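Q: Hey, dropping work.txt in here, compact mmCIF, C-alpha atoms:
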```txt
# COMPACT_ATOMS: atom_id res chain seq x y z
CA MET A 1 277.42 113.93 147.92
CA THR A 2 278.87 117.39 147.29
CA ASP A 3 277.41 120.40 149.02
CA GLN A 4 276.48 123.16 146.59
CA THR A 5 276.15 126.71 147.85
CA HIS A 6 274.63 129.59 145.88
CA THR A 7 275.79 133.15 146.34
CA GLU A 8 273.70 136.16 145.34
CA THR A 9 275.44 139.34 144.28
CA LYS A 10 273.86 142.74 143.87
CA ARG A 11 274.94 146.18 142.83
CA LEU A 12 273.25 149.56 142.84
CA LEU A 13 272.05 150.99 139.53
CA LEU A 14 271.38 154.73 139.23
CA THR A 15 269.89 156.13 136.02
CA PRO A 16 269.30 159.85 135.48
CA ALA A 17 265.73 160.53 134.41
CA SER A 18 267.12 162.53 131.49
CA LEU A 19 268.36 159.27 129.93
CA ILE A 20 264.93 157.58 130.07
CA LYS A 21 263.00 158.12 126.84
CA SER A 22 259.30 158.88 127.25
CA ARG A 23 256.70 157.14 125.09
CA ARG A 24 252.94 157.09 124.59
CA GLN A 25 250.96 154.30 126.23
CA LYS A 26 249.58 152.01 123.53
CA TRP A 27 246.16 150.36 123.65
CA PHE A 28 245.17 146.82 122.81
CA TRP A 29 241.48 147.79 122.78
CA GLU A 30 240.35 151.38 122.35
CA PRO A 31 236.64 151.26 121.41
CA TYR A 32 236.48 155.05 120.97
CA LYS A 33 239.31 157.44 120.15
CA GLY A 34 240.82 158.68 123.38
CA SER A 35 239.02 156.05 125.49
CA GLY A 36 241.51 153.21 125.86
CA VAL A 37 240.25 150.30 127.96
CA ILE A 38 242.75 147.41 127.69
CA PRO A 39 246.41 148.54 127.59
CA LEU A 40 249.30 146.85 125.83
CA GLY A 41 252.39 145.91 127.79
CA THR A 42 250.68 145.06 131.08
CA GLY A 43 247.88 143.08 132.70
CA THR A 44 244.12 143.55 132.76
CA ILE A 45 241.88 141.66 135.15
CA ALA A 46 238.29 140.82 134.14
CA ALA A 47 236.08 139.67 137.02
CA GLY A 48 232.44 138.90 137.75
CA GLN A 49 230.11 136.15 138.79
CA GLY A 50 230.03 133.00 136.66
CA GLY A 51 228.03 133.31 133.44
CA GLU A 52 228.39 137.09 133.01
CA GLY A 53 230.13 136.75 129.64
CA LYS A 54 233.71 137.58 130.68
CA THR A 55 235.36 134.85 128.62
CA THR A 56 232.95 135.22 125.70
CA PHE A 57 233.68 138.95 125.48
CA MET A 58 237.45 138.38 125.51
CA LEU A 59 237.04 135.80 122.74
CA HIS A 60 235.10 138.46 120.82
CA LEU A 61 238.10 140.81 121.07
CA ALA A 62 240.48 137.96 120.22
CA ALA A 63 238.52 137.23 117.04
CA GLN A 64 238.75 140.88 115.96
CA LEU A 65 242.50 140.84 116.56
CA THR A 66 242.98 137.79 114.32
CA ARG A 67 241.21 139.62 111.48
CA GLY A 68 242.98 142.95 111.97
CA LEU A 69 239.72 144.66 112.95
CA LEU A 70 240.38 145.41 116.61
CA PRO A 71 240.03 149.15 117.39
CA GLY A 72 243.22 150.39 119.04
CA ASP A 73 246.92 150.54 118.24
CA LEU A 74 246.83 147.08 116.60
CA HIS A 75 244.07 147.98 114.15
CA GLY A 76 245.01 146.72 110.69
CA THR A 77 247.39 144.11 112.13
CA LYS A 78 246.30 140.46 112.18
CA GLY A 79 247.60 139.19 115.50
CA ALA A 80 247.87 135.85 117.26
CA VAL A 81 246.24 134.87 120.56
CA ILE A 82 247.31 132.37 123.24
CA ILE A 83 244.61 130.95 125.54
CA ILE A 84 245.70 129.18 128.72
CA GLY A 85 243.53 126.83 130.75
CA PRO A 86 239.91 127.72 129.95
CA GLU A 87 237.28 126.09 132.15
CA ASP A 88 235.27 125.22 129.02
CA ASP A 89 235.97 122.30 126.70
CA TRP A 90 237.77 123.23 123.47
CA GLU A 91 235.95 120.86 121.12
CA THR A 92 232.38 121.58 122.23
CA VAL A 93 232.56 125.16 123.50
CA MET A 94 235.71 127.12 122.69
CA ILE A 95 236.00 126.30 118.97
CA PRO A 96 232.27 126.93 118.28
CA ARG A 97 232.43 130.25 120.22
CA LEU A 98 235.51 131.39 118.30
CA THR A 99 233.88 130.35 115.04
CA ALA A 100 230.73 132.31 115.90
CA ALA A 101 232.89 135.36 116.67
CA GLY A 102 234.50 135.07 113.23
CA ALA A 103 238.01 134.27 114.47
CA ASP A 104 240.81 133.11 112.19
CA LEU A 105 241.44 129.81 114.01
CA ASP A 106 244.95 129.55 112.51
CA ARG A 107 245.89 132.50 114.76
CA ILE A 108 244.37 131.13 117.99
CA TYR A 109 246.59 128.83 120.07
CA LYS A 110 245.74 126.40 122.85
CA ILE A 111 248.77 125.88 125.05
CA GLU A 112 249.55 122.98 127.39
CA VAL A 113 252.62 121.22 128.75
CA GLN A 114 253.31 117.57 127.98
CA THR A 115 255.09 115.64 130.72
CA THR A 116 256.48 112.11 130.71
CA PHE A 117 257.10 110.07 133.84
CA ASP A 118 258.11 106.39 133.71
CA GLU A 119 256.79 106.01 130.15
CA TYR A 120 253.48 107.63 131.13
CA THR A 121 252.76 110.80 129.14
CA ARG A 122 250.09 113.34 129.97
CA GLN A 123 249.12 116.90 129.14
CA ARG A 124 248.41 119.58 131.68
CA SER A 125 247.73 123.31 131.86
CA LEU A 126 250.57 125.66 132.60
CA ARG A 127 251.25 126.68 136.19
CA PHE A 128 252.90 129.91 137.22
CA PRO A 129 255.63 130.75 137.96
CA LEU A 130 256.74 127.15 137.28
CA ASP A 131 256.12 127.28 133.51
CA MET A 132 257.32 130.79 132.67
CA ASP A 133 259.89 129.42 130.23
CA SER A 134 257.12 127.67 128.29
CA ILE A 135 254.94 130.79 127.94
CA ARG A 136 257.97 132.87 126.89
CA GLU A 137 258.77 130.32 124.22
CA ALA A 138 255.15 130.16 123.02
CA GLN A 139 254.86 133.94 122.77
CA HIS A 140 258.13 134.14 120.88
CA GLU A 141 257.08 131.46 118.37
CA THR A 142 253.58 132.85 117.73
CA GLY A 143 254.16 136.58 118.18
CA ALA A 144 250.93 136.64 120.22
CA LYS A 145 249.67 140.08 121.22
CA LEU A 146 246.95 138.75 123.54
CA ILE A 147 247.33 136.10 126.24
CA ILE A 148 244.21 135.03 128.13
CA LEU A 149 244.48 133.13 131.44
CA ASP A 150 241.14 131.61 132.39
CA PRO A 151 240.63 131.33 135.32
CA ALA A 152 243.86 132.89 136.57
CA PRO A 153 243.59 131.68 140.21
CA SER A 154 243.56 128.04 139.02
CA LEU A 155 246.77 128.50 137.04
CA MET A 156 248.99 129.67 139.89
CA HIS A 157 251.19 127.71 142.25
CA GLY A 158 250.33 128.67 145.81
CA ASP A 159 247.41 130.27 147.63
CA MET A 160 245.31 132.84 145.71
CA ASN A 161 244.46 134.53 149.04
CA LYS A 162 248.08 135.26 149.95
CA VAL A 163 249.67 138.44 148.62
CA GLN A 164 253.15 136.96 148.32
CA ASP A 165 251.97 133.84 146.46
CA VAL A 166 249.98 135.88 143.94
CA ARG A 167 252.89 138.23 143.34
CA GLU A 168 255.41 135.40 142.93
CA ALA A 169 253.10 133.67 140.43
CA TYR A 170 252.14 136.62 138.25
CA GLU A 171 254.80 139.31 138.50
CA PRO A 172 256.95 137.41 135.94
CA LEU A 173 253.96 137.40 133.57
CA MET A 174 253.52 141.14 133.96
CA ALA A 175 257.22 141.56 133.17
CA LEU A 176 256.80 139.43 130.04
CA ALA A 177 253.82 141.57 128.95
CA GLN A 178 255.95 144.69 129.29
CA GLN A 179 258.97 143.24 127.47
CA ARG A 180 256.97 141.93 124.51
CA GLU A 181 254.21 144.62 124.50
CA VAL A 182 251.47 142.05 125.04
CA ALA A 183 247.98 142.45 126.54
CA MET A 184 247.75 139.96 129.42
CA VAL A 185 244.12 139.30 130.46
CA LEU A 186 243.46 137.48 133.74
CA ILE A 187 239.93 136.12 134.24
CA ASN A 188 238.81 136.01 137.87
CA HIS A 189 235.57 135.74 139.88
CA PHE A 190 233.64 137.90 142.31
CA GLY A 191 233.16 137.11 145.95
CA LYS A 192 229.60 136.83 147.28
CA GLY A 193 227.36 139.69 148.36
CA ALA A 194 227.18 143.40 147.58
CA GLY A 195 229.77 146.05 148.33
CA SER A 196 232.52 147.98 146.60
CA VAL A 197 233.47 146.72 143.13
CA SER A 198 237.13 147.16 144.09
CA ALA A 199 236.67 144.74 147.00
CA LYS A 200 234.64 142.15 145.07
CA LEU A 201 237.60 140.31 143.56
CA SER A 202 238.08 136.80 144.89
CA GLY A 203 241.38 136.24 146.68
CA SER A 204 244.09 138.65 147.72
CA HIS A 205 244.03 142.37 146.85
CA ALA A 206 247.30 141.66 145.04
CA TRP A 207 245.23 140.61 141.99
CA ARG A 208 244.05 144.20 141.59
CA ASP A 209 247.39 145.71 142.53
CA LEU A 210 249.35 143.70 139.95
CA THR A 211 247.28 144.81 136.96
CA ARG A 212 246.85 148.27 135.49
CA SER A 213 243.28 147.83 134.29
CA TYR A 214 240.34 146.20 136.08
CA LEU A 215 237.05 145.40 134.33
CA ALA A 216 234.08 144.30 136.45
CA PHE A 217 231.19 142.42 134.77
CA ALA A 218 227.53 142.05 135.81
CA SER A 219 224.09 141.45 134.27
CA ASP A 220 221.25 143.96 134.20
CA PRO A 221 218.13 141.95 135.09
CA ASP A 222 215.84 144.70 133.77
CA THR A 223 217.26 144.68 130.24
CA GLY A 224 219.07 141.35 129.94
CA GLU A 225 222.20 143.25 128.91
CA ARG A 226 225.69 142.55 130.21
CA VAL A 227 227.53 145.56 131.63
CA PHE A 228 231.21 145.97 132.40
CA SER A 229 232.75 148.94 134.18
CA GLN A 230 236.37 150.01 134.30
CA ASP A 231 237.10 150.22 138.01
CA LYS A 232 240.82 150.83 137.47
CA ASN A 233 242.68 152.44 134.57
CA ASN A 234 246.19 153.64 135.39
CA TYR A 235 246.94 155.00 131.92
CA ALA A 236 243.89 157.07 131.01
CA GLU A 237 241.12 159.20 132.47
CA SER A 238 238.51 156.90 130.94
CA LYS A 239 236.77 154.77 133.59
CA GLY A 240 233.42 154.35 131.91
CA SER A 241 230.93 151.50 131.53
CA TYR A 242 230.01 149.53 128.43
CA LYS A 243 227.25 147.09 127.56
CA PHE A 244 226.70 144.11 125.29
CA ILE A 245 224.22 141.33 124.77
CA LEU A 246 224.84 137.64 124.19
CA GLU A 247 222.99 136.35 121.14
CA SER A 248 222.46 132.64 120.58
CA VAL A 249 223.73 131.51 117.17
CA ASN A 250 223.95 128.11 115.50
CA VAL A 251 227.40 126.97 114.40
CA PRO A 252 228.08 123.92 112.20
CA THR A 253 230.52 121.46 113.78
CA ASP A 254 233.18 119.30 112.14
CA ASP A 255 231.21 116.12 112.89
CA GLY A 256 228.39 117.28 110.59
CA ASP A 257 226.11 118.51 113.37
CA VAL A 258 225.10 121.97 114.62
CA THR A 259 225.61 123.50 118.07
CA SER A 260 224.22 126.65 119.66
CA VAL A 261 226.65 129.11 121.32
CA ALA A 262 226.67 132.69 122.55
CA LYS A 263 227.98 135.53 120.39
CA VAL A 264 228.72 139.08 121.59
CA ASN A 265 226.81 142.05 120.20
CA PHE A 266 228.67 145.09 121.55
CA LEU A 267 226.29 148.01 122.21
CA GLY A 268 228.75 150.70 123.29
CA GLU A 269 228.82 152.98 126.30
CA THR A 270 226.22 153.05 129.06
CA ASP A 271 225.57 155.19 132.13
CA THR A 272 224.69 152.07 134.13
CA SER A 273 227.61 150.86 136.24
CA VAL A 274 228.37 147.45 137.69
CA SER A 275 228.27 149.05 141.15
CA ASP A 276 224.65 150.07 140.49
CA LEU A 277 223.77 146.50 139.56
CA ILE A 278 225.50 144.52 142.31
CA ASN A 279 224.30 146.85 145.05
CA ARG A 280 220.64 146.81 144.02
CA GLU A 281 218.55 145.69 146.97
CA PRO A 282 215.43 143.54 146.52
CA GLY A 283 212.47 145.11 148.29
CA GLY A 284 209.03 144.26 149.60
CA GLU A 285 205.63 145.74 148.80
CA ASP A 286 206.54 149.29 149.84
CA GLU A 287 209.69 149.21 147.73
CA GLN A 288 207.64 147.99 144.73
CA ASP A 289 205.38 151.03 145.14
CA ASP A 290 208.47 153.24 145.14
CA ARG A 291 209.71 151.58 141.96
CA ASN A 292 206.44 152.40 140.20
CA ALA A 293 206.54 155.93 141.60
CA ALA A 294 210.08 156.47 140.28
CA GLN A 295 209.08 155.24 136.82
CA ALA A 296 206.13 157.62 136.73
CA PHE A 297 208.34 160.49 137.83
CA VAL A 298 210.99 159.84 135.13
CA ALA A 299 208.42 159.38 132.35
CA ASP A 300 206.54 162.58 133.26
CA PHE A 301 209.70 164.66 133.66
CA ILE A 302 210.98 163.71 130.19
CA ARG A 303 207.59 164.13 128.49
CA ASP A 304 207.50 167.72 129.73
CA ARG A 305 210.78 168.57 127.96
CA ASP A 306 211.34 169.71 124.39
CA GLY A 307 211.88 166.78 122.10
CA TRP A 308 210.96 164.39 124.91
CA GLU A 309 214.54 164.24 126.15
CA ALA A 310 216.57 165.66 129.03
CA PRO A 311 220.15 165.54 130.31
CA ALA A 312 220.48 162.64 132.73
CA ALA A 313 222.04 164.92 135.35
CA GLU A 314 218.91 167.11 135.35
CA VAL A 315 216.59 164.12 135.77
CA LEU A 316 218.68 162.81 138.67
CA LYS A 317 218.76 166.23 140.31
CA ALA A 318 215.00 166.62 140.00
CA GLY A 319 214.48 163.08 141.27
CA LYS A 320 216.60 163.74 144.33
CA ALA A 321 214.52 166.86 145.05
CA ALA A 322 211.40 164.68 144.87
CA GLY A 323 212.83 162.21 147.40
CA PHE A 324 214.30 159.50 145.18
CA THR A 325 217.87 158.21 145.18
CA ASP A 326 220.04 158.26 142.06
CA ASN A 327 219.87 154.46 141.80
CA GLU A 328 216.06 154.47 142.01
CA ILE A 329 215.87 156.96 139.15
CA LYS A 330 218.41 155.05 137.03
CA HIS A 331 216.62 151.74 137.56
CA ALA A 332 213.27 153.38 136.79
CA ARG A 333 214.58 154.64 133.46
CA ARG A 334 215.69 151.13 132.45
CA ARG A 335 212.39 149.52 133.52
CA CYS A 336 210.18 151.79 131.44
CA ARG A 337 209.22 149.75 128.38
CA ASN A 338 206.37 151.45 126.57
CA PRO A 339 207.74 153.80 125.52
CA ARG A 340 211.37 152.99 126.27
CA ILE A 341 213.64 155.69 127.65
CA ALA A 342 217.06 155.36 126.07
CA SER A 343 220.29 156.74 127.48
CA VAL A 344 222.56 158.14 124.77
CA LYS A 345 225.82 160.06 124.75
CA SER A 346 225.21 163.77 124.35
CA SER A 347 226.07 165.25 120.95
CA PHE A 348 226.87 168.56 122.65
CA GLY A 349 229.76 168.13 125.05
CA SER A 350 230.04 165.43 127.68
CA GLY A 351 227.34 163.68 129.66
CA TRP A 352 224.31 161.56 128.91
CA VAL A 353 220.86 162.40 127.56
CA TRP A 354 217.71 160.39 128.31
CA GLN A 355 215.39 160.18 125.32
CA MET A 356 211.87 158.84 125.22
CA GLU A 357 211.62 156.49 122.26
CA THR A 358 208.36 156.37 120.34
CA GLU A 359 208.80 153.00 118.65
CA GLY A 360 206.45 150.51 120.24
CA ALA A 361 204.53 153.21 122.09
CA THR A 362 200.87 152.72 122.88
CA GLN A 363 198.73 153.48 119.82
CA GLN A 364 196.95 156.82 120.10
CA PRO A 365 193.40 157.26 118.85
CA GLU A 366 192.93 159.28 115.66
CA GLY A 367 193.09 163.02 116.30
CA ALA A 368 195.08 162.59 119.51
CA GLU A 369 198.36 163.91 118.08
CA GLY A 370 200.21 166.00 120.62
CA ALA A 371 198.84 164.12 123.63
CA LYS A 372 201.29 162.54 126.04
CA VAL A 373 201.90 158.83 125.58
CA PRO A 374 201.57 157.05 128.94
CA CYS A 375 204.26 154.72 130.21
CA THR A 376 202.17 151.62 130.83
CA GLU A 377 204.49 150.33 133.56
CA THR A 378 204.10 153.40 135.78
CA MET A 379 200.45 152.54 136.64
CA GLY A 380 199.39 156.02 135.52
CA THR A 381 200.01 157.61 138.90
CA PHE A 382 202.79 159.38 140.70
CA VAL A 383 203.40 158.05 144.20
CA ALA A 384 205.80 159.89 146.50
CA PRO A 385 208.58 157.62 147.79
CA SER A 386 207.69 155.86 151.01
CA THR A 387 208.86 157.23 154.36
CA GLN A 388 208.38 155.59 157.70
CA GLY A 389 205.07 156.57 159.31
CA ALA A 390 203.92 158.67 156.37
CA ALA A 391 200.88 157.76 154.34
CA LYS A 392 201.13 157.68 150.54
CA GLU A 393 198.95 160.05 148.57
CA LEU A 394 198.10 159.32 144.97
CA ALA A 395 198.15 162.10 142.41
CA PRO A 396 196.83 161.33 138.93
CA VAL A 397 199.26 161.75 136.09
CA GLY A 398 198.12 164.56 133.84
CA VAL A 399 197.70 163.91 130.13
CA ALA A 400 198.06 167.41 128.79
CA PRO A 401 198.44 168.08 125.05
CA LEU A 402 201.62 169.76 123.90
CA ALA A 403 201.42 172.83 121.72
CA PRO A 404 202.84 172.21 118.24
CA SER A 405 206.07 173.99 117.40
CA ALA A 406 205.94 176.76 114.85
CA PRO A 407 207.86 176.12 111.60
CA SER A 408 210.93 178.07 112.69
CA GLN A 409 214.42 177.50 114.06
CA PRO A 410 214.30 174.24 116.08
CA THR A 411 215.47 173.83 119.66
CA GLU A 412 218.84 172.23 120.54
CA ALA A 413 216.99 169.05 121.47
CA GLU A 414 215.38 168.94 118.01
CA ILE A 415 218.73 169.52 116.33
CA ARG A 416 220.21 166.63 118.31
CA ARG A 417 217.45 164.36 117.01
CA LEU A 418 217.96 165.57 113.43
CA SER A 419 221.74 165.12 113.63
CA MET A 420 221.13 161.41 114.13
CA LEU A 421 219.07 161.29 110.91
CA LEU A 422 221.31 163.19 108.50
CA PRO A 423 222.23 162.67 105.74
CA LYS A 424 218.67 161.67 104.87
CA THR A 425 216.19 162.57 102.16
CA ALA A 426 213.29 164.89 102.87
CA THR A 427 210.93 161.91 102.70
CA GLU A 428 212.96 159.97 105.25
CA VAL A 429 212.87 162.90 107.66
CA GLN A 430 209.10 163.21 107.24
CA ILE A 431 208.66 159.51 108.04
CA ALA A 432 211.03 159.64 110.98
CA MET A 433 209.28 162.61 112.53
CA LYS A 434 205.76 161.14 112.30
CA ALA A 435 206.26 159.71 115.75
CA SER A 436 206.68 163.25 117.15
CA PRO A 437 204.17 165.33 115.13
CA GLU A 438 204.24 168.28 117.52
CA HIS A 439 207.86 168.96 116.45
CA ALA A 440 207.72 167.80 112.84
CA ALA A 441 206.81 171.17 111.33
CA GLY A 442 209.71 173.05 112.84
CA LEU A 443 212.25 170.36 112.10
CA TYR A 444 211.15 169.78 108.53
CA SER A 445 211.20 173.44 107.55
CA TRP A 446 214.64 173.84 109.13
CA PHE A 447 215.82 170.74 107.26
CA LEU A 448 214.66 172.15 103.92
CA ALA A 449 216.27 175.54 104.63
CA SER A 450 219.56 173.88 105.56
CA ARG A 451 219.54 171.84 102.36
CA LYS A 452 219.07 174.96 100.23
CA LYS A 453 221.98 176.71 101.99
CA SER A 454 224.32 173.75 101.45
CA ALA A 455 223.28 173.25 97.82
```
As structure tokens, please, write out the structure in this file.
A:
Amino acid sequence: MTDQTHTETKRLLLTPASLIKSRRQKWFWEPYKGSGVIPLGTGTIAAGQGGEGKTTFMLHLAAQLTRGLLPGDLHGTKGAVIIIGPEDDWETVMIPRLTAAGADLDRIYKIEVQTTFDEYTRQRSLRFPLDMDSIREAQHETGAKLIILDPAPSLMHGDMNKVQDVREAYEPLMALAQQREVAMVLINHFGKGAGSVSAKLSGSHAWRDLTRSYLAFASDPDTGERVFSQDKNNYAESKGSYKFILESVNVPTDDGDVTSVAKVNFLGETDTSVSDLINREPGGEDEQDDRNAAQAFVADFIRDRDGWEAPAAEVLKAGKAAGFTDNEIKHARRRCRNPRIASVKSSFGSGWVWQMETEGATQQPEGAEGAKVPCTETMGTFVAPSTQGAAKELAPVGVAPLAPSAPSQPTEAEIRRLSMLLPKTATEVQIAMKASPEHAAGLYSWFLASRKKSA
């Protein structure tokens, strides 16, 4: 037997910064202009408890990519996708989900390695860094712009809790993403319990350090919506939160049957964060009273504002002055059902506006226009938040009529409402404003005057 020795050589490389050409960071997914979420050329980690819709949402984006409909730098380009090692079965789950999402299945690739040992052949998922050559070859052949590893900890060789093992497994993948300008998405799970979103990732902190974007997923039990927040974004200021719902749809299968799967309905931005949701504490009887008190406070505060809407920052500030925490006020807003209080992006600058929706509100008796519509879930009373040793005093919620606006220039809040309706006919505006008769006169006259000026 001959002894083989390997020698490593190294040399110093110095490059003047003046020779390095700058470039703009490109985005795989940019839902709104200037708000990139998933970058190209690096890794993104998506984590949450099981069943939060992480994989389903990534398949939703994959489907858009295959049709050239993905918002971002690849919009208009029909790209390929490689999916490595999903926990779900391809025949019964993955293919129906991709079909429901509208994916071009000719552009979606399942990847495995076939091994033969003593005439026995089997297929297995890739392992990293052992199978880096295989993934390089697959990306080259398909031109894939998205590679999904699900779940990433199961696809590595070594211990997911050890920094060095994680880095040795996935640093070559990050290098591949950069060389080929690919979005590399690693699906992971949360650890148990509450705490910082940054610290919730299962395994070593190297998972977060390796990637340049970190999306945390959670469910909102009050609304049934799924929320994901960007806890890390190295390439943009945007670190917002977004929401979606999973709708059950029936998909015909190739064996002549039908199966039911989840499909993503993306709802856009939200001011609810994953940190709010995972750190919500269940309470006893006193805490339930506080929940009702917070709902009453939010509903009354917004009813007393023009157009039945207010900047979220003002509601939170007023709530804090009344003894509530920010989370109590945010949760109260989401729990109010009749009428609902929606959180929408402000049309004037940054920030969020909370609007009381009139659809589904309690029917008012004839002649009661202008009266306040009660929020049925607030129990009709305002209860100060509980403090140790202090007795609660009940104060009835007033139901005071609002004075109708004169037919003149509307307030900024009214203009915001109207901006969501235009371009509409005069009849459509009349119908839309029936739900808020105390403001209809001013808005309608302003609408007619504006139409004459633009004619």
Q: Can you measure atom CA of A:Pro339 to atom CA of A:Val353 for me? One decimal in Å is fine.
A: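 According to the coordinates, atom CA of A:Pro339 and atom CA of A:Val353 are separated by 15.8 Å.
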Q: Please measure the separation of atom CA of A:Pro252 and atom CA of A:Lys54, giving the value in Å to one decimal.
A: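 One can read the atom CA of A:Pro252 to atom CA of A:Lys54 distance as 23.7 Å.
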Q: So how far away is atom CA of A:Ile82 from atom CA of A:Leu176, in Å?
A: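 That distance, rounded to one decimal, is 13.6 Å.
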Q: With stretch 19-42 of chain A as the partner and 9 Å as the cut-off, tabulate the residues of stretch 158-223 of chain A that qualify, each row holding the nearest pair of atoms and their distance in Å to one decimal, using only C-alpha atoms, sorted by chain and rising number, as JSON lines.
A:
```
{"residue": "A:Leu173", "atom": "CA", "partner": "A:Thr42", "partner_atom": "CA", "distance": 8.7}
{"residue": "A:Met174", "atom": "CA", "partner": "A:Thr42", "partner_atom": "CA", "distance": 5.6}
{"residue": "A:Ala175", "atom": "CA", "partner": "A:Thr42", "partner_atom": "CA", "distance": 7.7}
{"residue": "A:Leu176", "atom": "CA", "partner": "A:Gly41", "partner_atom": "CA", "distance": 8.2}
{"residue": "A:Ala177", "atom": "CA", "partner": "A:Gly41", "partner_atom": "CA", "distance": 4.7}
{"residue": "A:Gln178", "atom": "CA", "partner": "A:Gly41", "partner_atom": "CA", "distance": 4.1}
{"residue": "A:Gln179", "atom": "CA", "partner": "A:Gly41", "partner_atom": "CA", "distance": 7.1}
{"residue": "A:Arg180", "atom": "CA", "partner": "A:Gly41", "partner_atom": "CA", "distance": 6.9}
{"residue": "A:Glu181", "atom": "CA", "partner": "A:Gly41", "partner_atom": "CA", "distance": 4.0}
{"residue": "A:Val182", "atom": "CA", "partner": "A:Gly41", "partner_atom": "CA", "distance": 4.8}
{"residue": "A:Ala183", "atom": "CA", "partner": "A:Leu40", "partner_atom": "CA", "distance": 4.6}
{"residue": "A:Met184", "atom": "CA", "partner": "A:Thr42", "partner_atom": "CA", "distance": 6.1}
{"residue": "A:Val185", "atom": "CA", "partner": "A:Ile38", "partner_atom": "CA", "distance": 8.7}
{"residue": "A:Thr211", "atom": "CA", "partner": "A:Thr42", "partner_atom": "CA", "distance": 6.8}
{"residue": "A:Arg212", "atom": "CA", "partner": "A:Thr42", "partner_atom": "CA", "distance": 6.7}
{"residue": "A:Ser213", "atom": "CA", "partner": "A:Ile38", "partner_atom": "CA", "distance": 6.6}
{"residue": "A:Tyr214", "atom": "CA", "partner": "A:Ile38", "partner_atom": "CA", "distance": 8.8}
{"residue": "A:Leu215", "atom": "CA", "partner": "A:Val37", "partner_atom": "CA", "distance": 8.7}
```
Q: What's the 9 Å shell around A:Leu98, counting only C-alpha atoms, without same-chain residues fewer than 3 positions away, as a list in words?
A: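 Returned residues: Thr56, Leu59, His60, Ala62, Ala63, Val93, Met94, Ile95, Ala101, Gly102, Ala103, Asp104, Leu105, Ile108 and Lys263 of chain A.
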Q: With distances taken over all atoms listed in the file, which of A:Asp304, A:Asp271, A:Gly158, A:Leu186 is nearest to A:Asp326?
A: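 Looking at the shortest contact to A:Asp326, the residue is A:Asp271.
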Q: Counting all atoms listed in the file, which of A:Lys243, A:Arg340, A:Arg208, A:His157 gets nearest to A:Gly268?
A: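 Looking at the shortest contact to A:Gly268, the residue is A:Lys243.
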Q: What's the 7 Å shell around A:Leu70, counting all atoms listed in the file, without same-chain residues fewer than 5 positions away, as a count of residues only?
A: 5
Q: Pick the closest to A:Val264 from A:Asn292, A:Asn188, A:Gln49, A:Thr55: which is it, counting all atoms listed in the file?
A: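 Using all atoms listed in the file, the shortest distance to A:Val264 belongs to A:Thr55.
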Q: List as a CSV table (one decimal) with C-alpha atoms, in the frame of the given file the protein and nucleic acid residues near A:Tyr242, meaning an atom at most 9 Å away when all atoms listed in the file are counted, but skip any in the same chain fewer than 5 places from it.
A:
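Written output follows (part18.csv):
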```csv
chain,number,residue,atom,x,y,z
A,226,ARG,CA,225.7,142.6,130.2
A,227,VAL,CA,227.5,145.6,131.6
A,228,PHE,CA,231.2,146.0,132.4
A,229,SER,CA,232.8,148.9,134.2
A,230,GLN,CA,236.4,150.0,134.3
A,266,PHE,CA,228.7,145.1,121.6
A,267,LEU,CA,226.3,148.0,122.2
A,268,GLY,CA,228.8,150.7,123.3
A,269,GLU,CA,228.8,153.0,126.3
A,270,THR,CA,226.2,153.0,129.1
A,271,ASP,CA,225.6,155.2,132.1
A,272,THR,CA,224.7,152.1,134.1
A,273,SER,CA,227.6,150.9,136.2
```
Q: Give me the residues near A:Ala313 as a PDB file with C-alpha atoms, keeping the file's coordinate frame, where near means some atom within 12 Å (using all atoms listed in the file) and where sequence neighbours in that chain fewer than 5 positions away do not count.
A:
```pdb
ATOM      1  CA  ASP A 271     225.570 155.190 132.130  1.00  0.00           C
ATOM      2  CA  ALA A 318     215.000 166.620 140.000  1.00  0.00           C
ATOM      3  CA  GLY A 319     214.480 163.080 141.270  1.00  0.00           C
ATOM      4  CA  LYS A 320     216.600 163.740 144.330  1.00  0.00           C
ATOM      5  CA  ASP A 326     220.040 158.260 142.060  1.00  0.00           C
ATOM      6  CA  ILE A 329     215.870 156.960 139.150  1.00  0.00           C
ATOM      7  CA  LYS A 330     218.410 155.050 137.030  1.00  0.00           C
ATOM      8  CA  SER A 343     220.290 156.740 127.480  1.00  0.00           C
ATOM      9  CA  SER A 346     225.210 163.770 124.350  1.00  0.00           C
ATOM     10  CA  SER A 350     230.040 165.430 127.680  1.00  0.00           C
ATOM     11  CA  GLY A 351     227.340 163.680 129.660  1.00  0.00           C
ATOM     12  CA  TRP A 352     224.310 161.560 128.910  1.00  0.00           C
ATOM     13  CA  VAL A 353     220.860 162.400 127.560  1.00  0.00           C
ATOM     14  CA  TRP A 354     217.710 160.390 128.310  1.00  0.00           C
TER      15      TRP A 354
END
```
Q: Give the answer as one residue: which of A:Asp231, A:Glu52, A:Glu112, A:Glu314 has the shortest atom-to-atom distance to A:Ala262, using all atoms listed in the file?
A: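 Closest to A:Ala262, using all atoms listed in the file: A:Glu52.
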Q: With only C-alpha atoms as the basis for distance, which of A:Gly53, A:Gly43, A:Gly143, A:Gly48 is at the shortest distance from A:Val81?
A: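 Result for the nearest residue to A:Val81: A:Gly143.
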Q: Nearest residue to A:Pro96 out of A:Ile302, A:Leu316, A:Val258, A:Val251, using only C-alpha atoms?
A: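 Of A:Ile302, A:Leu316, A:Val258, A:Val251, the one nearest A:Pro96 is A:Val251, counting only C-alpha atoms.
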